[in-house]
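K.L.:
Take a look at input-v2.txt, compact mmCIF, N, CA and C atoms:
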# COMPACT_ATOMS: atom_id res chain seq x y z
N ASP A 1 -47.02 123.71 -140.92
CA ASP A 1 -46.31 123.84 -142.19
C ASP A 1 -44.82 123.56 -142.01
N GLU A 2 -44.35 122.62 -142.77
CA GLU A 2 -42.92 122.35 -142.72
C GLU A 2 -42.31 122.47 -144.11
N ILE A 3 -41.03 122.75 -144.13
CA ILE A 3 -40.34 122.90 -145.41
C ILE A 3 -39.86 121.53 -145.86
N ARG A 4 -40.12 121.23 -147.12
CA ARG A 4 -39.70 119.94 -147.66
C ARG A 4 -38.72 120.17 -148.80
N ILE A 5 -37.83 119.22 -148.97
CA ILE A 5 -36.82 119.34 -150.02
C ILE A 5 -37.19 118.39 -151.15
N ARG A 6 -37.13 118.91 -152.36
CA ARG A 6 -37.39 118.07 -153.54
C ARG A 6 -36.34 118.36 -154.59
N PRO A 7 -35.98 117.32 -155.38
CA PRO A 7 -35.06 117.63 -156.48
C PRO A 7 -35.78 118.49 -157.51
N HIS A 8 -35.04 119.37 -158.16
CA HIS A 8 -35.61 120.27 -159.15
C HIS A 8 -36.08 119.46 -160.36
N GLU A 9 -37.10 119.98 -161.05
CA GLU A 9 -37.61 119.31 -162.24
C GLU A 9 -36.53 119.08 -163.29
N LYS A 10 -35.58 120.04 -163.38
CA LYS A 10 -34.49 119.91 -164.34
C LYS A 10 -33.63 118.69 -164.02
N SER A 11 -33.40 118.46 -162.72
CA SER A 11 -32.58 117.31 -162.31
C SER A 11 -33.28 116.01 -162.67
N ILE A 12 -34.58 115.98 -162.47
CA ILE A 12 -35.36 114.79 -162.81
C ILE A 12 -35.36 114.58 -164.31
N LYS A 13 -35.47 115.68 -165.06
CA LYS A 13 -35.43 115.58 -166.52
C LYS A 13 -34.08 115.04 -166.98
N ARG A 14 -33.00 115.51 -166.35
CA ARG A 14 -31.66 115.02 -166.70
C ARG A 14 -31.52 113.53 -166.40
N LEU A 15 -32.08 113.10 -165.26
CA LEU A 15 -32.04 111.68 -164.91
C LEU A 15 -32.77 110.87 -165.97
N LYS A 16 -33.97 111.33 -166.34
CA LYS A 16 -34.75 110.62 -167.35
C LYS A 16 -34.03 110.58 -168.70
N ASP A 17 -33.36 111.67 -169.05
CA ASP A 17 -32.59 111.69 -170.30
C ASP A 17 -31.47 110.67 -170.28
N LYS A 18 -30.80 110.56 -169.12
CA LYS A 18 -29.72 109.57 -168.99
C LYS A 18 -30.27 108.16 -169.09
N ILE A 19 -31.42 107.92 -168.46
CA ILE A 19 -32.06 106.60 -168.54
C ILE A 19 -32.45 106.31 -169.98
N ARG A 20 -32.99 107.34 -170.66
CA ARG A 20 -33.36 107.20 -172.07
C ARG A 20 -32.17 106.77 -172.91
N LYS A 21 -31.02 107.40 -172.64
CA LYS A 21 -29.81 107.11 -173.41
C LYS A 21 -29.37 105.65 -173.18
N ILE A 22 -29.44 105.19 -171.94
CA ILE A 22 -29.01 103.82 -171.62
C ILE A 22 -30.00 102.79 -172.19
N THR A 23 -31.30 103.12 -172.13
CA THR A 23 -32.31 102.16 -172.57
C THR A 23 -32.75 102.41 -174.01
N ASN A 24 -31.90 103.04 -174.79
CA ASN A 24 -32.20 103.27 -176.20
C ASN A 24 -32.23 101.92 -176.93
N ARG A 25 -33.32 101.64 -177.62
CA ARG A 25 -33.46 100.34 -178.30
C ARG A 25 -32.53 100.20 -179.49
N ASN A 26 -32.01 101.31 -179.99
CA ASN A 26 -31.20 101.26 -181.20
C ASN A 26 -29.71 101.03 -180.97
N ILE A 27 -29.29 100.97 -179.71
CA ILE A 27 -27.89 100.67 -179.47
C ILE A 27 -27.76 99.21 -179.06
N GLY A 28 -26.93 98.49 -179.77
CA GLY A 28 -26.82 97.05 -179.53
C GLY A 28 -25.86 96.72 -178.42
N ILE A 29 -26.35 96.79 -177.17
CA ILE A 29 -25.52 96.34 -176.05
C ILE A 29 -26.31 95.29 -175.28
N SER A 30 -25.60 94.41 -174.62
CA SER A 30 -26.27 93.32 -173.91
C SER A 30 -27.07 93.87 -172.72
N MET A 31 -28.06 93.11 -172.30
CA MET A 31 -28.91 93.52 -171.19
C MET A 31 -28.09 93.65 -169.89
N GLU A 32 -27.06 92.81 -169.73
CA GLU A 32 -26.22 92.86 -168.52
C GLU A 32 -25.52 94.22 -168.42
N ILE A 33 -24.94 94.66 -169.53
CA ILE A 33 -24.23 95.94 -169.54
C ILE A 33 -25.21 97.09 -169.32
N ARG A 34 -26.37 96.97 -169.96
CA ARG A 34 -27.42 97.99 -169.82
C ARG A 34 -27.82 98.12 -168.34
N ILE A 35 -28.05 96.99 -167.70
CA ILE A 35 -28.47 96.98 -166.29
C ILE A 35 -27.35 97.51 -165.40
N GLU A 36 -26.10 97.12 -165.73
CA GLU A 36 -24.94 97.60 -164.97
C GLU A 36 -24.86 99.13 -165.01
N ARG A 37 -25.03 99.70 -166.21
CA ARG A 37 -24.97 101.16 -166.37
C ARG A 37 -26.12 101.84 -165.63
N LEU A 38 -27.31 101.22 -165.71
CA LEU A 38 -28.48 101.77 -165.01
C LEU A 38 -28.25 101.76 -163.50
N ASN A 39 -27.71 100.65 -162.98
CA ASN A 39 -27.46 100.54 -161.54
C ASN A 39 -26.49 101.61 -161.08
N PHE A 40 -25.45 101.83 -161.87
CA PHE A 40 -24.45 102.85 -161.56
C PHE A 40 -25.12 104.21 -161.44
N LEU A 41 -25.98 104.52 -162.42
CA LEU A 41 -26.70 105.79 -162.45
C LEU A 41 -27.65 105.90 -161.26
N ILE A 42 -28.42 104.83 -161.00
CA ILE A 42 -29.42 104.83 -159.94
C ILE A 42 -28.78 105.06 -158.57
N VAL A 43 -27.73 104.29 -158.26
CA VAL A 43 -27.08 104.41 -156.96
C VAL A 43 -26.51 105.82 -156.77
N GLY A 44 -25.83 106.32 -157.78
CA GLY A 44 -25.24 107.65 -157.69
C GLY A 44 -26.29 108.74 -157.52
N TRP A 45 -27.34 108.66 -158.30
CA TRP A 45 -28.38 109.68 -158.27
C TRP A 45 -29.09 109.70 -156.93
N VAL A 46 -29.47 108.51 -156.44
CA VAL A 46 -30.19 108.44 -155.16
C VAL A 46 -29.29 108.91 -154.02
N ASN A 47 -28.00 108.54 -154.06
CA ASN A 47 -27.08 109.00 -153.01
C ASN A 47 -26.96 110.53 -153.01
N TYR A 48 -26.95 111.11 -154.18
CA TYR A 48 -26.81 112.56 -154.29
C TYR A 48 -28.05 113.27 -153.74
N PHE A 49 -29.24 112.74 -154.04
CA PHE A 49 -30.49 113.40 -153.65
C PHE A 49 -31.15 112.73 -152.44
N LYS A 50 -30.37 112.04 -151.60
CA LYS A 50 -30.97 111.24 -150.53
C LYS A 50 -31.76 112.03 -149.50
N ILE A 51 -31.47 113.33 -149.32
CA ILE A 51 -32.20 114.08 -148.30
C ILE A 51 -33.55 114.62 -148.81
N ALA A 52 -33.80 114.43 -150.09
CA ALA A 52 -35.04 114.97 -150.68
C ALA A 52 -36.22 114.02 -150.46
N ASP A 53 -37.43 114.57 -150.53
CA ASP A 53 -38.66 113.76 -150.47
C ASP A 53 -39.09 113.49 -151.89
N MET A 54 -39.00 112.23 -152.30
CA MET A 54 -39.34 111.94 -153.69
C MET A 54 -39.82 110.51 -153.91
N LYS A 55 -40.46 109.94 -152.90
CA LYS A 55 -40.88 108.54 -152.97
C LYS A 55 -41.78 108.26 -154.18
N ALA A 56 -42.83 109.05 -154.35
CA ALA A 56 -43.79 108.82 -155.43
C ALA A 56 -43.14 109.03 -156.79
N LYS A 57 -42.33 110.07 -156.89
CA LYS A 57 -41.65 110.39 -158.15
C LYS A 57 -40.75 109.24 -158.58
N LEU A 58 -40.01 108.67 -157.61
CA LEU A 58 -39.09 107.57 -157.92
C LEU A 58 -39.84 106.32 -158.35
N LYS A 59 -41.00 106.07 -157.72
CA LYS A 59 -41.81 104.91 -158.10
C LYS A 59 -42.23 105.01 -159.56
N ALA A 60 -42.64 106.21 -159.96
CA ALA A 60 -43.08 106.44 -161.34
C ALA A 60 -41.92 106.26 -162.32
N ILE A 61 -40.75 106.78 -161.96
CA ILE A 61 -39.58 106.65 -162.83
C ILE A 61 -39.16 105.19 -162.94
N ASP A 62 -39.25 104.45 -161.81
CA ASP A 62 -38.94 103.01 -161.81
C ASP A 62 -39.83 102.26 -162.79
N LYS A 63 -41.12 102.55 -162.71
CA LYS A 63 -42.10 101.88 -163.56
C LYS A 63 -41.78 102.15 -165.03
N TRP A 64 -41.49 103.39 -165.34
CA TRP A 64 -41.17 103.82 -166.69
C TRP A 64 -39.88 103.16 -167.19
N THR A 65 -38.88 103.07 -166.30
CA THR A 65 -37.59 102.45 -166.66
C THR A 65 -37.79 100.98 -167.00
N ARG A 66 -38.56 100.28 -166.17
CA ARG A 66 -38.81 98.85 -166.43
C ARG A 66 -39.54 98.68 -167.76
N ARG A 67 -40.46 99.58 -168.06
CA ARG A 67 -41.18 99.48 -169.34
C ARG A 67 -40.21 99.67 -170.50
N ARG A 68 -39.28 100.60 -170.37
CA ARG A 68 -38.28 100.83 -171.42
C ARG A 68 -37.40 99.58 -171.58
N LEU A 69 -37.05 98.94 -170.46
CA LEU A 69 -36.24 97.72 -170.53
C LEU A 69 -37.00 96.58 -171.20
N ARG A 70 -38.30 96.49 -170.90
CA ARG A 70 -39.12 95.45 -171.55
C ARG A 70 -39.13 95.66 -173.06
N ALA A 71 -39.24 96.92 -173.48
CA ALA A 71 -39.23 97.23 -174.92
C ALA A 71 -37.89 96.85 -175.53
N CYS A 72 -36.79 97.11 -174.82
CA CYS A 72 -35.45 96.74 -175.30
C CYS A 72 -35.35 95.24 -175.48
N LEU A 73 -35.82 94.51 -174.48
CA LEU A 73 -35.73 93.05 -174.51
C LEU A 73 -36.57 92.50 -175.66
N TRP A 74 -37.77 93.06 -175.83
CA TRP A 74 -38.66 92.61 -176.91
C TRP A 74 -38.00 92.81 -178.26
N LYS A 75 -37.30 93.95 -178.42
CA LYS A 75 -36.62 94.21 -179.68
C LYS A 75 -35.42 93.27 -179.85
N GLN A 76 -34.72 92.97 -178.76
CA GLN A 76 -33.57 92.06 -178.83
C GLN A 76 -33.98 90.67 -179.29
N TRP A 77 -35.19 90.26 -178.92
CA TRP A 77 -35.64 88.92 -179.29
C TRP A 77 -35.90 88.81 -180.79
N LYS A 78 -36.11 89.94 -181.47
CA LYS A 78 -36.25 90.04 -182.92
C LYS A 78 -37.25 89.10 -183.59
N LYS A 79 -36.89 87.81 -183.72
CA LYS A 79 -37.71 86.89 -184.51
C LYS A 79 -38.90 86.34 -183.73
N ILE A 80 -39.93 86.00 -184.47
CA ILE A 80 -41.14 85.43 -183.89
C ILE A 80 -40.80 84.18 -183.08
N LYS A 81 -39.95 83.34 -183.67
CA LYS A 81 -39.57 82.08 -183.02
C LYS A 81 -38.90 82.33 -181.66
N THR A 82 -38.02 83.32 -181.62
CA THR A 82 -37.31 83.65 -180.38
C THR A 82 -38.29 84.19 -179.34
N LYS A 83 -39.18 85.10 -179.77
CA LYS A 83 -40.17 85.67 -178.87
C LYS A 83 -41.03 84.56 -178.28
N PHE A 84 -41.48 83.65 -179.15
CA PHE A 84 -42.33 82.53 -178.73
C PHE A 84 -41.60 81.66 -177.71
N LYS A 85 -40.37 81.29 -178.03
CA LYS A 85 -39.57 80.42 -177.16
C LYS A 85 -39.33 81.07 -175.79
N ASN A 86 -38.97 82.34 -175.80
CA ASN A 86 -38.69 83.04 -174.55
C ASN A 86 -39.95 83.25 -173.70
N LEU A 87 -41.07 83.56 -174.35
CA LEU A 87 -42.32 83.72 -173.60
C LEU A 87 -42.72 82.40 -172.96
N LYS A 88 -42.57 81.30 -173.71
CA LYS A 88 -42.89 79.99 -173.14
C LYS A 88 -41.99 79.68 -171.95
N ARG A 89 -40.70 80.02 -172.09
CA ARG A 89 -39.74 79.77 -171.01
C ARG A 89 -40.09 80.58 -169.76
N LEU A 90 -40.72 81.74 -169.96
CA LEU A 90 -41.13 82.59 -168.84
C LEU A 90 -42.47 82.14 -168.25
N GLY A 91 -43.04 81.08 -168.79
CA GLY A 91 -44.25 80.51 -168.20
C GLY A 91 -45.56 80.95 -168.82
N VAL A 92 -45.53 81.50 -170.01
CA VAL A 92 -46.76 81.92 -170.69
C VAL A 92 -47.33 80.68 -171.41
N PRO A 93 -48.65 80.45 -171.30
CA PRO A 93 -49.25 79.32 -172.02
C PRO A 93 -48.95 79.39 -173.52
N GLU A 94 -48.79 78.23 -174.14
CA GLU A 94 -48.33 78.15 -175.54
C GLU A 94 -49.16 79.01 -176.51
N TYR A 95 -50.49 78.91 -176.42
CA TYR A 95 -51.34 79.65 -177.37
C TYR A 95 -51.18 81.15 -177.20
N LYS A 96 -51.06 81.61 -175.94
CA LYS A 96 -50.88 83.04 -175.67
C LYS A 96 -49.51 83.51 -176.15
N ALA A 97 -48.49 82.66 -175.92
CA ALA A 97 -47.13 83.00 -176.35
C ALA A 97 -47.09 83.16 -177.86
N TRP A 98 -47.76 82.26 -178.56
CA TRP A 98 -47.79 82.32 -180.02
C TRP A 98 -48.51 83.59 -180.50
N GLN A 99 -49.61 83.88 -179.81
CA GLN A 99 -50.41 85.06 -180.13
C GLN A 99 -49.55 86.33 -179.98
N TYR A 100 -48.85 86.43 -178.88
CA TYR A 100 -48.05 87.63 -178.63
C TYR A 100 -46.79 87.69 -179.49
N ALA A 101 -46.18 86.55 -179.76
CA ALA A 101 -44.98 86.52 -180.59
C ALA A 101 -45.31 87.03 -181.99
N ASN A 102 -46.53 86.80 -182.44
CA ASN A 102 -46.94 87.19 -183.79
C ASN A 102 -47.60 88.55 -183.87
N THR A 103 -47.59 89.31 -182.81
CA THR A 103 -48.27 90.60 -182.82
C THR A 103 -47.58 91.59 -183.75
N ARG A 104 -48.39 92.51 -184.29
CA ARG A 104 -47.82 93.53 -185.18
C ARG A 104 -47.64 94.86 -184.44
N LYS A 105 -47.97 94.86 -183.16
CA LYS A 105 -47.87 96.10 -182.38
C LYS A 105 -46.40 96.46 -182.17
N GLY A 106 -46.15 97.73 -181.97
CA GLY A 106 -44.78 98.22 -181.81
C GLY A 106 -44.19 97.87 -180.45
N TYR A 107 -42.89 98.07 -180.32
CA TYR A 107 -42.17 97.70 -179.10
C TYR A 107 -42.70 98.42 -177.87
N TRP A 108 -42.94 99.74 -178.01
CA TRP A 108 -43.39 100.51 -176.85
C TRP A 108 -44.78 100.08 -176.42
N ARG A 109 -45.65 99.80 -177.38
CA ARG A 109 -47.01 99.40 -177.04
C ARG A 109 -47.02 98.03 -176.38
N ILE A 110 -46.24 97.10 -176.92
CA ILE A 110 -46.21 95.74 -176.39
C ILE A 110 -45.55 95.70 -175.01
N SER A 111 -44.66 96.66 -174.75
CA SER A 111 -43.94 96.67 -173.48
C SER A 111 -44.88 96.91 -172.30
N ASN A 112 -46.07 97.41 -172.56
CA ASN A 112 -47.03 97.65 -171.48
C ASN A 112 -48.16 96.62 -171.49
N SER A 113 -48.04 95.61 -172.36
CA SER A 113 -49.09 94.60 -172.47
C SER A 113 -49.15 93.75 -171.20
N PRO A 114 -50.32 93.18 -170.89
CA PRO A 114 -50.45 92.35 -169.69
C PRO A 114 -49.44 91.19 -169.67
N ILE A 115 -49.22 90.56 -170.82
CA ILE A 115 -48.30 89.42 -170.86
C ILE A 115 -46.90 89.82 -170.45
N LEU A 116 -46.33 90.84 -171.08
CA LEU A 116 -44.97 91.25 -170.74
C LEU A 116 -44.89 91.84 -169.34
N SER A 117 -45.92 92.58 -168.93
CA SER A 117 -45.91 93.17 -167.59
C SER A 117 -45.91 92.09 -166.51
N LYS A 118 -46.62 90.99 -166.78
CA LYS A 118 -46.70 89.92 -165.77
C LYS A 118 -45.48 89.00 -165.80
N THR A 119 -44.92 88.76 -167.00
CA THR A 119 -43.79 87.83 -167.06
C THR A 119 -42.47 88.55 -166.78
N LEU A 120 -42.29 89.75 -167.31
CA LEU A 120 -41.07 90.51 -167.06
C LEU A 120 -41.36 91.53 -165.95
N ASN A 121 -41.78 91.02 -164.80
CA ASN A 121 -42.21 91.88 -163.69
C ASN A 121 -41.03 92.33 -162.84
N ASN A 122 -41.33 92.98 -161.71
CA ASN A 122 -40.28 93.51 -160.83
C ASN A 122 -39.33 92.41 -160.37
N GLN A 123 -39.87 91.23 -160.03
CA GLN A 123 -39.03 90.12 -159.56
C GLN A 123 -38.06 89.68 -160.64
N TYR A 124 -38.52 89.65 -161.88
CA TYR A 124 -37.66 89.27 -163.00
C TYR A 124 -36.47 90.22 -163.09
N TRP A 125 -36.74 91.52 -163.00
CA TRP A 125 -35.66 92.51 -163.13
C TRP A 125 -34.74 92.47 -161.92
N LEU A 126 -35.30 92.15 -160.74
CA LEU A 126 -34.45 92.00 -159.55
C LEU A 126 -33.48 90.84 -159.73
N LYS A 127 -33.99 89.73 -160.28
CA LYS A 127 -33.13 88.56 -160.55
C LYS A 127 -32.04 88.90 -161.56
N GLN A 128 -32.37 89.78 -162.52
CA GLN A 128 -31.39 90.19 -163.52
C GLN A 128 -30.35 91.13 -162.92
N GLY A 129 -30.64 91.64 -161.71
CA GLY A 129 -29.69 92.51 -161.02
C GLY A 129 -30.00 93.99 -161.09
N LEU A 130 -31.18 94.35 -161.60
CA LEU A 130 -31.53 95.77 -161.69
C LEU A 130 -31.88 96.31 -160.30
N LYS A 131 -31.28 97.43 -159.96
CA LYS A 131 -31.61 98.08 -158.68
C LYS A 131 -32.72 99.08 -158.96
N SER A 132 -33.65 99.17 -158.01
CA SER A 132 -34.75 100.12 -158.22
C SER A 132 -34.47 101.41 -157.46
N LEU A 133 -34.87 102.52 -158.06
CA LEU A 133 -34.67 103.82 -157.43
C LEU A 133 -35.34 103.89 -156.07
N SER A 134 -36.58 103.37 -155.99
CA SER A 134 -37.32 103.50 -154.73
C SER A 134 -36.74 102.63 -153.62
N THR A 135 -36.22 101.43 -153.93
CA THR A 135 -35.63 100.61 -152.87
C THR A 135 -34.30 101.22 -152.42
N GLN A 136 -33.52 101.78 -153.33
CA GLN A 136 -32.27 102.45 -152.96
C GLN A 136 -32.59 103.62 -152.02
N TYR A 137 -33.66 104.34 -152.38
CA TYR A 137 -34.06 105.50 -151.58
C TYR A 137 -34.52 105.08 -150.19
N LYS A 138 -35.29 103.97 -150.13
CA LYS A 138 -35.76 103.47 -148.83
C LYS A 138 -34.59 103.04 -147.94
N LYS A 139 -33.57 102.43 -148.55
CA LYS A 139 -32.39 102.00 -147.79
C LYS A 139 -31.72 103.18 -147.11
N LEU A 140 -31.65 104.31 -147.82
CA LEU A 140 -30.97 105.48 -147.28
C LEU A 140 -31.86 106.33 -146.38
N ASN A 141 -33.15 106.32 -146.62
CA ASN A 141 -34.09 107.12 -145.82
C ASN A 141 -34.79 106.26 -144.80
N LEU A 142 -34.23 106.17 -143.60
CA LEU A 142 -34.83 105.32 -142.57
C LEU A 142 -35.72 106.14 -141.65
N THR A 143 -36.10 107.33 -142.08
CA THR A 143 -36.94 108.19 -141.24
C THR A 143 -38.40 107.87 -141.42
Could you quickly redo this structure as structure tokens?

P.N.:
Amino acid sequence: DEIRIRPHEKSIKRLKDKIRKITNRNIGISMEIRIERLNFLIVGWVNYFKIADMKAKLKAIDKWTRRRLRACLWKQWKKIKTKFKNLKRLGVPEYKAWQYANTRKGYWRISNSPILSKTLNNQYWLKQGLKSLSTQYKKLNLT
């Protein structure tokens, strides 16, 4: 039996609340600024809690954060034409892009769809400059 350190549930809740505030779909800020603010939060938070064991928890929060960002991006695209054009540019076949651009499903539901999950995947967000909680944690925890 060994003693393990974990961040308190309240701390995790506060982190999620801060992420919620940054990834709020109703505030009109560019994706670059949004990602910049998220990175600032991620680096600071992981540095503060670096001695804790939280690999699985961070993976789940990462997944949830990316889904929130996908919903933000989907809302930013607004018009059917824009959604269609951007999906095609991301490599979605034309008929599928048209199908998804015309969907009546809400932002949160569509953000978990196979199309958006595959096109706006982890590599896409890495290219956009988003830092992930779990990779920051791995960098600091070499044990």

K.L.:
Have a look at A:Arg67, A:Thr119, A:Lys59, A:Leu133 and name the one nearest to Arg89 (chain A); count only C-alpha atoms.

P.N.:
A:Thr119

K.L.:
Using CA of Met54 (chain A) and atom C of Leu41 (chain A) as the two end points, give the distance in Å to one decimal.

P.N.:
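That distance, rounded to one decimal, is 15.2 Å.
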
K.L.:
Compile the contact shell of region 104-115 of chain A as a PyMOL selection string: residues with an atom at most 10 Å away, counting only C-alpha atoms, same-chain residues fewer than 6 positions apart removed.

P.N.:
chain A and resi 25+64+66-75+87+92+96-97+121

K.L.:
Please list as a list in words every residue within 12 Å of Tyr48 (chain A), counting only C-alpha atoms and excluding residues in the same chain fewer than 3 positions away.

P.N.:
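The neighbour list is Arg6, Pro7, Ser11, Leu15, Leu41, Ile42, Val43, Gly44, Trp45, Ile51, Ala52, Gln136, Tyr137 and Leu140 of chain A.
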
K.L.:
Hey, can you spit out that residue selection with N, CA and C atoms as a CSV table (one decimal), in the frame of the given file?

P.N.:
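part-v8.csv written:
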chain,number,residue,atom,x,y,z
A,6,ARG,N,-37.1,118.9,-152.4
A,6,ARG,CA,-37.4,118.1,-153.5
A,6,ARG,C,-36.3,118.4,-154.6
A,7,PRO,N,-36.0,117.3,-155.4
A,7,PRO,CA,-35.1,117.6,-156.5
A,7,PRO,C,-35.8,118.5,-157.5
A,11,SER,N,-33.4,118.5,-162.7
A,11,SER,CA,-32.6,117.3,-162.3
A,11,SER,C,-33.3,116.0,-162.7
A,15,LEU,N,-32.1,113.1,-165.3
A,15,LEU,CA,-32.0,111.7,-164.9
A,15,LEU,C,-32.8,110.9,-166.0
A,41,LEU,N,-26.0,104.5,-162.4
A,41,LEU,CA,-26.7,105.8,-162.4
A,41,LEU,C,-27.6,105.9,-161.3
A,42,ILE,N,-28.4,104.8,-161.0
A,42,ILE,CA,-29.4,104.8,-159.9
A,42,ILE,C,-28.8,105.1,-158.6
A,43,VAL,N,-27.7,104.3,-158.3
A,43,VAL,CA,-27.1,104.4,-157.0
A,43,VAL,C,-26.5,105.8,-156.8
A,44,GLY,N,-25.8,106.3,-157.8
A,44,GLY,CA,-25.2,107.6,-157.7
A,44,GLY,C,-26.3,108.7,-157.5
A,45,TRP,N,-27.3,108.7,-158.3
A,45,TRP,CA,-28.4,109.7,-158.3
A,45,TRP,C,-29.1,109.7,-156.9
A,51,ILE,N,-31.5,113.3,-149.3
A,51,ILE,CA,-32.2,114.1,-148.3
A,51,ILE,C,-33.6,114.6,-148.8
A,52,ALA,N,-33.8,114.4,-150.1
A,52,ALA,CA,-35.0,115.0,-150.7
A,52,ALA,C,-36.2,114.0,-150.5
A,136,GLN,N,-33.5,101.8,-153.3
A,136,GLN,CA,-32.3,102.4,-153.0
A,136,GLN,C,-32.6,103.6,-152.0
A,137,TYR,N,-33.7,104.3,-152.4
A,137,TYR,CA,-34.1,105.5,-151.6
A,137,TYR,C,-34.5,105.1,-150.2
A,140,LEU,N,-31.6,104.3,-147.8
A,140,LEU,CA,-31.0,105.5,-147.3
A,140,LEU,C,-31.9,106.3,-146.4

K.L.:
So what do you get for CA of Ile35 (chain A) versus atom N of Lys131 (chain A), distance-wise?

P.N.:
6.9 Å

K.L.:
CA of Thr82 (chain A) and CA of Glu32 (chain A), how far apart in Å?

P.N.:
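Result for CA of Glu32 (chain A) versus CA of Thr82 (chain A): 18.7 Å, one decimal.
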
K.L.:
Considering only C-alpha atoms, can you say which of A:Glu9, A:Glu36, A:Asp62, A:Asp53 comes closest to Ile22 (chain A)?

P.N.:
A:Glu36

K.L.:
Among chain A, which ones does DSSP assign to helix (DSSP H, G or I) (computed from the backbone)? Answer as a ChimeraX atom specification.

P.N.:
/A:9-22,31-48,55-77,80-89,94-101,107-110,114-119,122-128,133-140

K.L.:
Choose the residue, out of A:Asn24, A:Asn47, A:Asn39, A:Asn141, that has the smallest atom-to-atom separation from Gln76 (chain A); count only C-alpha atoms.

P.N.:
A:Asn24
